[in-house]
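Asker: Mind looking over this structure? Questions follow.
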Amino acid sequence: MCDRSSTEIAAFSRSPTDCRPSDFLMHDIRLLRDQLDRLRDGMRRRKKLGELAPLLDRAEELERDRRSAITELEAQQAQRNRLTQEVGERRKAGLEATDLIAAGRAVGDVIAALEHRKSSAEAAVQALVYELPNLTFDEVPEGGDEANRIMRAWGAPRPDGSLIKPHWEIGERLGLLDLTRGAKISGSGFIVYRGIGARLVRGLMNMMLDIHTVEHGYEECSVPLVVNRASMTGTGQLPKFADDMYHINEEDLFLIPTSEVPLTNLYRDEILDATELPKSFCAFTPCFRREAGAAGKDTRGLLRVHEFDKVELVKYTTPESSLTELELLTSHAEVILQRLELPYRVLLLAAGDTGFASAKTYDLEVFAPGVGKWLEVSSCSVMSDFQARRANIRYRPAPGEKPRFLHTLNGSALAFSRIIASLLEHGQQADGSVRVPEALQSYIGCSTLR
RNA sequence: GGCGUGGUGGCCGAGUGGUUUAAGGCAGCGGUCUUGAAAACCGCCGAACCUGAAAGGGUUCCGUGAGUUCGAAUCUCACCUACGCCGCCA
């Protein structure tokens, strides 16, 4: 078991609106000199070592140069401090100081050059470190998605799957999906829900939020859908995944790909009290994804779209309790699937299939008989201190003690479009109508979609 | 959008070019006193980085960045942000 308290790689902007190389918490870059082997092993477990090994070597070299620049720079700064202090003393005594001023000017030139060298090295190290994914926990299987592990399953896919139509057919026939007009007004991958379809969205939102707030104790938040660069960097979407996001040029703002971003950045640059932890939040928001590079994949229906709704869960915990909290958070997502009577399975993702910022992830998959696939409807992750470092979120274990980075977790509970696809396909009846699960009936006011 | 005023450590707050090495207070921690507590008094008390086996030494940080200067919390410019007034607006 690895030390979860102060391990993960990272780097970190602390400015509210910007991310400049000169303003980083650098100390965990020590991993580059102290624990290079651990970093290498982490990348190997993700099957990324071939790709990232040269980057690690380069980063280590730059880090050495950064430190030597700092050492020289600080010696020169100390020299300058002595000179300027003496200038002050001579002035006070009414004496000339032209020689000291000349010397000071010379030292100033040296300092300027060293500062430039330091900030170049720092920016370069930073850029490389930003490309390194989180280290996964030891219990995460090595390898790619072939090594994913099915942990448990709930319910059973219906036996008559071959008779089931895909959700887009049933949805359009019942008039609750209008894919053609969605494409007309915005583009392919933008959905119009109509009539009972729109009411289904609203009902799912209320049902999920009610369960998480009332039964599971999450604080509900209504958050901005547009966030700044520092927030996107804090949770790890930037700089590596810039192409996946919609960007507003004039203001340099981004449309959120998930409400994990605003919820996790709520406490950016803050120090929480240990007694406040764990903190649990949920939010309903649309999520925007460009899906660049996914052209031609799952183009029909609701499986891969540019805008979808989601209820997200986010937790802030101590390093000691984050794994327990992951199990809890995952179970909270499962509750929704059980209430919706959708058969699902829980996968522990292998290291190579685990997301960039995550240390351990469970995926929840629902079987959709119409398209004949398991659909990923939730991804529940513990990010260890990867995001906390980037976003500078700490907690004080006890009064008077040093602040430590906390752990963040998040999970979808759940993503709507695939859930709607699953509901339509799983609930299909012989006459083409769709049965509504009991827990949802009061939210949408009927027991059958027809 | 226009004009104006602010942004200083966990909090409040002084500070307009050179012992600021950031005053003072509150909170916190330790101690003296006390049967105990309170009060009073004394001491400690920000973050990060570099160096070092350690002890220690050094550097940076006053919203952010860029300038001016031998020297910037302090002067200049831009930006962010909060508040006030005016304009516009659901």
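Ordered as shown in the structure tokens, chains take letters A, B, and onward, while each chain numbers its residues from 1 and ligands are numbered from 1 in the order shown.
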For the strand (DSSP E or B) assignment from backbone DSSP, which residues of segment 143-186 of chain A qualify? Please present them as a list of chain:residue names.
Answerer: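 Those residues are A:Arg149, A:Ile150, A:Met151, A:Arg152, A:Ala153, A:Trp154, A:Leu177.
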Asker: Kindly assemble as CSV a list of the chain B residues that lie within 12 Å of chain A, each paired with its nearest atom pair and their distance in Å to one decimal, using only C-alpha atoms (C1' of nucleotides), sorted first by chain and then by ascending residue number.
Answerer:
residue,atom,partner,partner_atom,distance
B:G10,C1',A:Ile271,CA,9.2
B:G17,C1',A:Gly88,CA,10.9
B:G18,C1',A:Gly88,CA,4.9
B:U19,C1',A:Gln85,CA,9.3
B:U21,C1',A:Asn81,CA,11.8
B:A27,C1',A:Pro399,CA,11.0
B:G28,C1',A:Gly400,CA,6.7
B:C29,C1',A:Gly400,CA,6.8
B:G30,C1',A:Gly400,CA,11.8
B:C44,C1',A:Gly400,CA,11.5
B:C45,C1',A:Gly400,CA,8.7
B:G46,C1',A:Lys402,CA,10.7
B:A47,C1',A:Pro403,CA,9.9
B:A48,C1',A:Leu25,CA,7.0
B:C49,C1',A:His27,CA,7.6
B:C50,C1',A:Thr71,CA,5.6
B:U51,C1',A:Thr71,CA,7.5
B:G57,C1',A:Ala75,CA,11.3
B:G58,C1',A:Glu74,CA,7.0
B:U59,C1',A:Glu74,CA,5.1
B:U60,C1',A:Glu74,CA,9.1
B:C61,C1',A:Asp23,CA,9.9
B:G63,C1',A:Ser15,CA,9.4
B:U64,C1',A:Ser15,CA,7.4
B:G65,C1',A:Arg20,CA,9.3
B:U69,C1',A:Arg105,CA,9.6
B:C70,C1',A:Ile101,CA,4.1
B:G71,C1',A:Thr84,CA,5.4
B:C79,C1',A:Thr17,CA,10.0
B:C80,C1',A:Thr17,CA,6.9
B:U81,C1',A:Pro16,CA,9.6
Asker: Skip Ser447 of chain A itself and residues of its chain fewer than 5 positions away, then list as a compact mmCIF listing (two decimals) with N, CA, C and O atoms, in the first residue's frame all residues within 7 Å of it, counting only C-alpha atoms (C1' of nucleotides).
Answerer:
# COMPACT_ATOMS: atom_id res chain seq x y z
N ARG A 435 -42.26 1.06 -19.98
CA ARG A 435 -42.64 1.05 -18.57
C ARG A 435 -41.74 2.00 -17.78
O ARG A 435 -40.52 2.05 -17.99
N VAL A 436 -42.33 2.76 -16.88
CA VAL A 436 -41.57 3.68 -16.03
C VAL A 436 -41.33 3.02 -14.68
O VAL A 436 -42.28 2.53 -14.06
N GLN A 441 -42.14 7.19 -11.10
CA GLN A 441 -43.51 7.47 -11.57
C GLN A 441 -44.08 8.77 -10.99
O GLN A 441 -44.67 9.57 -11.71
Asker: Can you pull out the residues contacting G67 of chain B? Cut-off 12 Å, using only C-alpha atoms (C1' of nucleotides), and skip same-chain residues under 4 positions away; I want them as an MDAnalysis selection string.
Answerer: chainID B and resid 72 75:78
Asker: What lies within 10 Å of Asp65 of chain A using only C-alpha atoms (C1' of nucleotides), ignoring chain neighbours under 3 positions off, as a PyMOL selection string?
Answerer: chain A and resi 59-62+68-71+117-118+120-122+125
Asker: Include all heavy atoms and write out the residues we just selected as a tab-separated table (two decimals), in the first residue's frame.
Answerer:
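What follows is the written file part-v9.tsv:
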chain	number	residue	atom	x	y	z
A	59	ALA	N	12.39	16.01	-17.62
A	59	ALA	CA	11.91	16.78	-16.48
A	59	ALA	C	12.92	16.75	-15.34
A	59	ALA	O	13.16	17.76	-14.68
A	59	ALA	CB	10.57	16.23	-16.01
A	60	GLU	N	13.53	15.60	-15.15
A	60	GLU	CA	14.50	15.49	-14.06
A	60	GLU	C	15.70	16.39	-14.33
A	60	GLU	O	16.20	17.06	-13.44
A	60	GLU	CB	14.95	14.02	-13.91
A	60	GLU	CG	15.61	13.77	-12.58
A	60	GLU	CD	16.71	12.75	-12.65
A	60	GLU	OE1	16.99	12.25	-13.76
A	60	GLU	OE2	17.30	12.46	-11.60
A	61	GLU	N	16.13	16.41	-15.58
A	61	GLU	CA	17.26	17.24	-15.97
A	61	GLU	C	16.92	18.73	-15.77
A	61	GLU	O	17.70	19.48	-15.19
A	61	GLU	CB	17.55	16.94	-17.45
A	61	GLU	CG	18.76	17.60	-18.03
A	61	GLU	CD	18.81	17.28	-19.54
A	61	GLU	OE1	18.48	16.13	-19.93
A	61	GLU	OE2	19.13	18.19	-20.30
A	62	LEU	N	15.73	19.12	-16.20
A	62	LEU	CA	15.32	20.51	-16.05
A	62	LEU	C	15.18	20.89	-14.58
A	62	LEU	O	15.49	22.01	-14.19
A	62	LEU	CB	13.97	20.73	-16.75
A	62	LEU	CG	14.02	20.82	-18.27
A	62	LEU	CD1	12.64	20.60	-18.85
A	62	LEU	CD2	14.59	22.16	-18.70
A	68	SER	N	19.78	24.57	-9.50
A	68	SER	CA	21.09	25.23	-9.51
A	68	SER	C	20.90	26.72	-9.80
A	68	SER	O	21.61	27.56	-9.24
A	68	SER	CB	22.03	24.55	-10.51
A	68	SER	OG	21.88	25.11	-11.80
A	69	ALA	N	19.92	27.05	-10.63
A	69	ALA	CA	19.64	28.47	-10.89
A	69	ALA	C	19.17	29.16	-9.62
A	69	ALA	O	19.58	30.29	-9.32
A	69	ALA	CB	18.58	28.61	-11.99
A	70	ILE	N	18.34	28.47	-8.84
A	70	ILE	CA	17.83	29.06	-7.60
A	70	ILE	C	18.98	29.29	-6.62
A	70	ILE	O	19.08	30.35	-6.00
A	70	ILE	CB	16.76	28.14	-6.96
A	70	ILE	CG1	15.48	28.19	-7.80
A	70	ILE	CG2	16.47	28.57	-5.54
A	70	ILE	CD1	14.41	27.22	-7.36
A	71	THR	N	19.84	28.30	-6.49
A	71	THR	CA	20.95	28.42	-5.56
A	71	THR	C	21.81	29.64	-5.90
A	71	THR	O	22.14	30.46	-5.04
A	71	THR	CB	21.80	27.15	-5.59
A	71	THR	OG1	20.96	26.03	-5.34
A	71	THR	CG2	22.88	27.20	-4.53
A	117	ARG	N	16.68	32.47	-16.19
A	117	ARG	CA	17.04	31.06	-16.30
A	117	ARG	C	16.14	30.22	-15.40
A	117	ARG	O	15.66	29.16	-15.79
A	117	ARG	CB	18.51	30.88	-15.89
A	117	ARG	CG	19.06	29.52	-16.23
A	117	ARG	CD	20.52	29.42	-15.84
A	117	ARG	NE	20.77	28.20	-15.08
A	117	ARG	CZ	21.77	28.04	-14.21
A	117	ARG	NH1	22.61	29.05	-13.98
A	117	ARG	NH2	21.92	26.89	-13.59
A	118	LYS	N	15.92	30.72	-14.19
A	118	LYS	CA	15.09	29.97	-13.25
A	118	LYS	C	13.65	29.84	-13.78
A	118	LYS	O	13.07	28.75	-13.77
A	118	LYS	CB	15.07	30.70	-11.90
A	118	LYS	CG	14.17	30.05	-10.87
A	118	LYS	CD	13.85	31.01	-9.73
A	118	LYS	CE	12.60	30.56	-8.99
A	118	LYS	NZ	12.00	31.62	-8.19
A	120	SER	N	12.51	30.04	-16.80
A	120	SER	CA	12.42	29.19	-17.99
A	120	SER	C	12.41	27.72	-17.59
A	120	SER	O	11.60	26.92	-18.07
A	120	SER	CB	13.58	29.42	-18.94
A	120	SER	OG	13.74	30.76	-19.21
A	121	ALA	N	13.34	27.36	-16.70
A	121	ALA	CA	13.42	25.97	-16.26
A	121	ALA	C	12.14	25.56	-15.55
A	121	ALA	O	11.60	24.47	-15.76
A	121	ALA	CB	14.62	25.78	-15.35
A	122	GLU	N	11.64	26.48	-14.74
A	122	GLU	CA	10.44	26.19	-13.97
A	122	GLU	C	9.24	25.97	-14.90
A	122	GLU	O	8.47	25.02	-14.72
A	122	GLU	CB	10.17	27.39	-13.07
A	122	GLU	CG	9.36	27.09	-11.85
A	122	GLU	CD	9.47	28.24	-10.87
A	122	GLU	OE1	10.42	28.24	-10.07
A	122	GLU	OE2	8.62	29.15	-10.90
A	125	VAL	N	9.68	22.56	-16.61
A	125	VAL	CA	9.37	21.43	-15.72
A	125	VAL	C	7.86	21.34	-15.53
A	125	VAL	O	7.26	20.27	-15.62
A	125	VAL	CB	10.02	21.61	-14.32
A	125	VAL	CG1	9.56	20.51	-13.38
A	125	VAL	CG2	11.52	21.61	-14.43
Asker: Select from segment 116-298 of chain A everything DSSP, run on the backbone, classes as alpha helix (DSSP H), then give the selection as a ChimeraX atom specification.
Answerer: /A:116-129,167-173,179-185,196-210,229-235,260-265
